[in-house]
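Chemist: Sharing query05.txt (compact mmCIF, C-alpha atoms and all ligand atoms) below.
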# COMPACT_ATOMS: atom_id res chain seq x y z
CA MET W 1 146.77 71.00 40.47
CA ARG W 2 145.12 67.80 39.32
CA SER W 3 147.66 65.59 41.11
CA ILE W 4 147.17 67.45 44.39
CA VAL W 5 143.45 66.77 44.21
CA ARG W 6 144.18 63.14 43.46
CA ILE W 7 146.61 62.83 46.38
CA LYS W 8 144.07 64.44 48.67
CA PHE W 9 141.47 61.96 47.47
CA VAL W 10 143.79 59.00 48.06
CA LEU W 11 144.69 60.26 51.55
CA THR W 12 141.03 60.79 52.44
CA SER W 13 140.18 57.30 51.21
CA LEU W 14 143.03 55.80 53.23
CA ALA W 15 141.93 57.63 56.35
CA ALA W 16 138.35 56.40 55.86
CA LEU W 17 139.60 52.85 55.38
CA LEU W 18 141.73 53.01 58.53
CA ALA W 19 138.83 54.40 60.53
CA CYS W 20 136.62 51.55 59.32
CA SER W 21 139.10 48.80 60.18
CA THR W 22 139.63 50.28 63.65
CA LEU W 23 135.90 50.20 64.22
CA VAL W 24 135.64 46.60 63.06
CA PHE W 25 138.47 45.41 65.30
CA GLY W 26 137.38 47.56 68.24
CA ALA W 27 133.80 46.33 68.06
CA ASP W 28 134.90 42.78 68.86
CA CYS W 29 136.01 43.54 72.40
CA GLN W 30 133.47 46.10 73.50
CA VAL W 31 129.77 46.72 73.61
CA LYS W 32 127.64 49.75 74.28
CA VAL W 33 124.36 49.12 76.08
CA THR W 34 121.79 51.87 76.40
CA GLY W 35 119.07 51.83 79.06
CA SER W 36 115.94 53.94 78.73
CA ASP W 37 113.32 55.63 80.87
CA ALA W 38 110.98 52.89 79.57
CA MET W 39 113.02 50.28 81.49
CA GLN W 40 114.61 48.74 78.42
CA TYR W 41 118.08 47.82 77.22
CA ASP W 42 118.70 48.30 73.51
CA VAL W 43 120.94 45.20 73.49
CA LYS W 44 119.55 41.73 74.18
CA LYS W 45 122.62 39.65 73.43
CA ILE W 46 126.34 40.07 74.11
CA GLU W 47 128.94 37.79 72.60
CA ILE W 48 132.49 37.93 73.92
CA SER W 49 135.36 36.51 71.93
CA LYS W 50 137.91 34.47 73.87
CA ASP W 51 140.51 36.35 71.80
CA CYS W 52 139.74 39.53 73.75
CA ASP W 53 142.26 40.23 76.53
CA LYS W 54 139.55 42.30 78.11
CA PHE W 55 136.02 43.19 77.13
CA THR W 56 134.63 46.64 77.78
CA VAL W 57 130.98 47.28 78.55
CA GLU W 58 129.77 50.86 78.29
CA LEU W 59 126.39 51.49 79.84
CA VAL W 60 124.62 54.67 78.81
CA HIS W 61 121.37 55.85 80.35
CA GLY W 62 119.64 57.49 77.42
CA GLY W 63 116.70 58.71 79.48
CA GLN W 64 116.19 61.64 81.82
CA LEU W 65 114.91 60.11 85.05
CA PRO W 66 117.29 60.15 88.04
CA ALA W 67 119.00 56.97 89.27
CA ALA W 68 116.81 56.88 92.37
CA ALA W 69 113.68 56.50 90.22
CA MET W 70 114.91 54.70 87.09
CA GLY W 71 118.50 53.64 87.76
CA HIS W 72 120.16 51.11 85.49
CA ASN W 73 123.26 48.97 85.82
CA VAL W 74 124.66 45.83 84.22
CA VAL W 75 125.16 42.74 86.37
CA ILE W 76 126.53 39.49 84.97
CA VAL W 77 125.73 36.10 86.48
CA GLU W 78 125.38 32.51 85.35
CA THR W 79 121.94 32.07 83.81
CA ALA W 80 121.32 29.05 86.04
CA LYS W 81 121.70 31.27 89.11
CA MET W 82 119.91 34.34 87.78
CA MET W 83 116.45 33.61 89.17
CA GLY W 84 117.74 32.85 92.66
CA ILE W 85 119.84 36.01 92.70
CA ALA W 86 117.08 38.22 91.32
CA THR W 87 114.39 36.93 93.67
CA THR W 88 116.36 36.66 96.92
CA MET W 89 119.32 39.06 96.76
CA ILE W 90 117.92 42.31 95.33
CA LYS W 91 116.87 44.37 98.34
CA MET W 92 116.39 48.09 98.92
CA GLU W 93 118.43 47.83 102.14
CA ASN W 94 121.54 46.86 100.15
CA GLY W 95 121.56 50.40 98.80
CA ILE W 96 121.77 51.93 95.35
CA ASP W 97 125.57 52.24 95.53
CA ASN W 98 125.76 48.44 95.69
CA GLY W 99 123.17 47.96 92.96
CA PHE W 100 120.80 46.77 95.71
CA LEU W 101 122.87 43.58 95.87
CA PRO W 102 124.88 42.02 98.71
CA GLU W 103 128.47 40.82 98.31
CA SER W 104 128.34 37.45 96.55
CA SER W 105 130.75 35.33 94.55
CA ASP W 106 127.78 34.48 92.29
CA ILE W 107 127.82 38.07 91.02
CA LEU W 108 130.58 37.93 88.45
CA PHE W 109 130.58 41.56 87.29
CA LYS W 110 128.58 44.59 88.32
CA SER W 111 128.61 48.12 86.97
CA LYS W 112 127.75 51.33 88.73
CA MET W 113 124.07 52.31 88.77
CA VAL W 114 123.44 55.31 86.52
CA GLY W 115 120.59 57.75 86.01
CA GLY W 116 119.41 59.71 82.97
CA GLY W 117 122.20 61.29 80.94
CA GLU W 118 124.91 59.39 82.82
CA SER W 119 127.14 56.58 81.66
CA THR W 120 129.62 54.13 83.14
CA THR W 121 132.17 51.71 81.78
CA PHE W 122 133.54 48.48 83.19
CA GLU W 123 135.87 45.79 82.02
CA ILE W 124 135.30 42.07 81.94
CA ASP W 125 138.19 39.61 82.03
CA PRO W 126 136.98 36.96 79.54
CA ALA W 127 139.30 34.45 81.23
CA LYS W 128 136.92 34.49 84.20
CA LEU W 129 134.07 33.25 82.02
CA THR W 130 133.70 29.81 80.42
CA SER W 131 132.69 29.22 76.85
CA GLY W 132 129.66 26.96 76.72
CA THR W 133 128.23 28.38 79.96
CA ALA W 134 125.10 30.48 79.61
CA TYR W 135 125.38 33.87 81.28
CA THR W 136 122.77 36.55 81.75
CA PHE W 137 123.28 40.29 82.05
CA PHE W 138 120.56 42.21 83.81
CA CYS W 139 119.70 45.39 85.68
CA SER W 140 119.48 44.93 89.45
CA PHE W 141 117.35 47.99 90.16
CA PRO W 142 114.37 46.50 92.04
CA GLY W 143 111.73 45.32 89.58
CA HIS W 144 113.82 45.82 86.46
CA TRP W 145 115.36 42.36 86.00
CA ALA W 146 112.17 40.80 84.61
CA ILE W 147 112.45 42.99 81.51
CA MET W 148 115.98 44.33 81.52
CA LYS W 149 118.02 41.24 80.78
CA GLY W 150 119.82 39.53 77.95
CA ASP W 151 122.06 36.60 77.08
CA LEU W 152 125.82 36.74 77.34
CA THR W 153 128.06 34.07 75.87
CA VAL W 154 131.77 33.54 75.43
CA LEU W 155 132.71 32.28 71.98
CU CU1 F 201 117.18 49.30 85.40
What does this structure look like when you write it as structure tokens?
Modeler:
Amino acid sequence: MRSIVRIKFVLTSLAALLACSTLVFGADCQVKVTGSDAMQYDVKKIEISKDCDKFTVELVHGGQLPAAAMGHNVVIVETAKMMGIATTMIKMENGIDNGFLPESSDILFKSKMVGGGESTTFEIDPAKLTSGTAYTFFCSFPGHWAIMKGDLTVL
């Protein structure tokens, strides 16, 4: 009886250890960003390892407001071009399905725009980014970029 309890304990410990190591390795090539009804991201900095074949960004809207009122997305651009893009390209006429942005090679990655309770996931190919270049991720819903933005770097 004793040995069965001991084996169970060892197995449980092993399972816990495996779960932990999976989390540690998995965390390197993915990030979860949550946007709120208060127009905030909970993440201000994303670091991507060059060792990642691909990097997954999961955007969760933790609020309740619909996308039309408080939509959030994640757009990645070079920091040097961010101001120009934010001030000249974000227009209502581009439509919510396009993140209010036109087609542009300066927009490196763009997620879907989500509303409260929704989420979306997209993949970044780290090979398309350069280490040493400063990137910015931001929300392109009109008016949000001033607050909803953060630094993204490739290490
Ligand atoms: Cu937003």
Chemist: Give the residue list for ligand CU1 201 (chain F) at 7 Å, counting all atoms listed in the file, as a PyMOL selection string, sorted by chain and then by residue number.
Modeler: chain W and resi 39+70-73+139-141+144+148
Chemist: Give me, please, the distance in Å between atom CA of Val57 of chain W and atom CA of Leu108 of chain W, quoted to one decimal.
Modeler: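 About the pair atom CA of Val57 of chain W and atom CA of Leu108 of chain W: they are 13.6 Å apart.
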Chemist: With only C-alpha atoms as the counted atoms, please give the residues lying no more than 12 Å from Glu93 of chain W, apart from itself and same-chain residues fewer than 5 positions off, as a ChimeraX atom specification.
Modeler: /W:98-102,142
Chemist: Is it possible to get the residues within 7 Å of (136.5, 35.1, 74.5) (coordinates as in the file, counting only C-alpha atoms) written as a VMD selection string?
Modeler: chain W and resid 48 to 52 126 154 to 155
Chemist: Would you mind exporting C-alpha atoms of the selected residues as a PDB file, keeping the file's coordinate frame?
Modeler:
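Full text of again-v6.pdb as output:
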ATOM      1  CA  ILE W  48     132.490  37.930  73.920  1.00  0.00           C
ATOM      2  CA  SER W  49     135.360  36.510  71.930  1.00  0.00           C
ATOM      3  CA  LYS W  50     137.910  34.470  73.870  1.00  0.00           C
ATOM      4  CA  ASP W  51     140.510  36.350  71.800  1.00  0.00           C
ATOM      5  CA  CYS W  52     139.740  39.530  73.750  1.00  0.00           C
ATOM      6  CA  PRO W 126     136.980  36.960  79.540  1.00  0.00           C
ATOM      7  CA  VAL W 154     131.770  33.540  75.430  1.00  0.00           C
ATOM      8  CA  LEU W 155     132.710  32.280  71.980  1.00  0.00           C
TER       9      LEU W 155
END
Chemist: Name the residues in contact with Glu58 of chain W at a cut-off of 9 Å, using all atoms listed in the file, excluding same-chain residues fewer than 4 positions from it; report them as a VMD selection string.
Modeler: chain W and resid 30 to 34 119 to 123
Chemist: Report, in Å to a single decimal, how far apart atom CA of Lys149 of chain W and atom CA of Tyr41 of chain W are.
Modeler: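 Distance reported for this atom pair: 7.5 Å.
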Chemist: So, counting only C-alpha atoms, which residue among W:Glu118, W:Asp97, W:Glu103, W:Asp28 is closest to Gly62 of chain W?
Modeler: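 When distances to Gly62 of chain W are compared using only C-alpha atoms, the smallest one comes from W:Glu118.
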Chemist: For atom CA of Glu47 of chain W and atom CA of Thr88 of chain W, quote the distance in Å rounded to one decimal.
Modeler: 27.4 Å
Chemist: Find, counting only C-alpha atoms, the residue in W:Val77, W:Ala69, W:Ile85, W:Leu129 that gets nearest to Lys54 of chain W.
Modeler: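 Of the candidates, the smallest distance to Lys54 of chain W is held by W:Leu129.
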Chemist: Can you pull out the residues contacting Thr136 of chain W? Cut-off 8 Å, using all atoms listed in the file, and skip same-chain residues under 4 positions away; I want them as a list of chain:residue names.
Modeler: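 Listed by chain and then number, they are W:Ile76, W:Val77, W:Glu78, W:Thr79, W:Met82, W:Lys149, W:Gly150, W:Asp151, W:Leu152.
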Chemist: Using all atoms listed in the file, which of W:Pro66, W:Phe55, W:Ile96, W:Val75 sits nearest Phe137 of chain W?
Modeler: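 Residue with the minimum atom-to-atom distance to Phe137 of chain W: W:Val75.
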Chemist: Using all atoms listed in the file, which of the listed residues (W:Lys45, W:Leu59, W:Ser36, W:Phe109) sits closest to Asp125 of chain W?
Modeler: W:Phe109
Chemist: Would you fill out segment 27-48 of chain W with N, CA and C atoms and return it as a compact mmCIF listing (two decimals), keeping the file's coordinate frame?
Modeler:
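Wrote result.txt, looks like this:
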# COMPACT_ATOMS: atom_id res chain seq x y z
N ALA W 27 135.15 46.79 67.74
CA ALA W 27 133.80 46.33 68.06
C ALA W 27 133.81 44.93 68.67
N ASP W 28 134.85 44.16 68.38
CA ASP W 28 134.90 42.78 68.86
C ASP W 28 135.05 42.68 70.38
N CYS W 29 135.71 43.65 70.97
CA CYS W 29 136.01 43.54 72.40
C CYS W 29 135.31 44.60 73.22
N GLN W 30 134.22 45.11 72.73
CA GLN W 30 133.47 46.10 73.50
C GLN W 30 132.02 46.13 73.06
N VAL W 31 131.18 46.57 73.96
CA VAL W 31 129.77 46.72 73.61
C VAL W 31 129.23 47.95 74.32
N LYS W 32 128.31 48.61 73.67
CA LYS W 32 127.64 49.75 74.28
C LYS W 32 126.18 49.35 74.50
N VAL W 33 125.74 49.47 75.74
CA VAL W 33 124.36 49.12 76.08
C VAL W 33 123.68 50.39 76.55
N THR W 34 122.53 50.68 75.98
CA THR W 34 121.79 51.87 76.40
C THR W 34 120.51 51.46 77.13
N GLY W 35 120.30 52.05 78.30
CA GLY W 35 119.07 51.83 79.06
C GLY W 35 118.17 53.04 78.89
N SER W 36 116.87 52.83 78.99
CA SER W 36 115.94 53.94 78.73
C SER W 36 115.03 54.21 79.93
N ASP W 37 114.31 55.31 79.84
CA ASP W 37 113.32 55.63 80.87
C ASP W 37 112.16 54.64 80.82
N ALA W 38 112.05 53.89 79.71
CA ALA W 38 110.98 52.89 79.57
C ALA W 38 111.43 51.52 80.08
N MET W 39 112.53 51.52 80.88
CA MET W 39 113.02 50.28 81.49
C MET W 39 113.41 49.23 80.46
N GLN W 40 114.19 49.65 79.49
CA GLN W 40 114.61 48.74 78.42
C GLN W 40 116.10 48.89 78.14
N TYR W 41 116.74 47.76 77.81
CA TYR W 41 118.08 47.82 77.22
C TYR W 41 117.89 47.78 75.70
N ASP W 42 118.79 48.40 74.97
CA ASP W 42 118.70 48.30 73.51
C ASP W 42 119.47 47.07 72.98
N VAL W 43 120.17 46.39 73.88
CA VAL W 43 120.94 45.20 73.49
C VAL W 43 120.38 44.00 74.25
N LYS W 44 120.13 42.92 73.55
CA LYS W 44 119.55 41.73 74.18
C LYS W 44 120.53 40.56 74.21
N LYS W 45 121.66 40.75 73.55
CA LYS W 45 122.62 39.65 73.43
C LYS W 45 124.03 40.21 73.34
N ILE W 46 124.93 39.66 74.17
CA ILE W 46 126.34 40.07 74.11
C ILE W 46 127.17 38.83 73.88
N GLU W 47 128.03 38.90 72.87
CA GLU W 47 128.94 37.79 72.60
C GLU W 47 130.37 38.27 72.79
N ILE W 48 131.11 37.55 73.62
CA ILE W 48 132.49 37.93 73.92
C ILE W 48 133.43 36.92 73.29
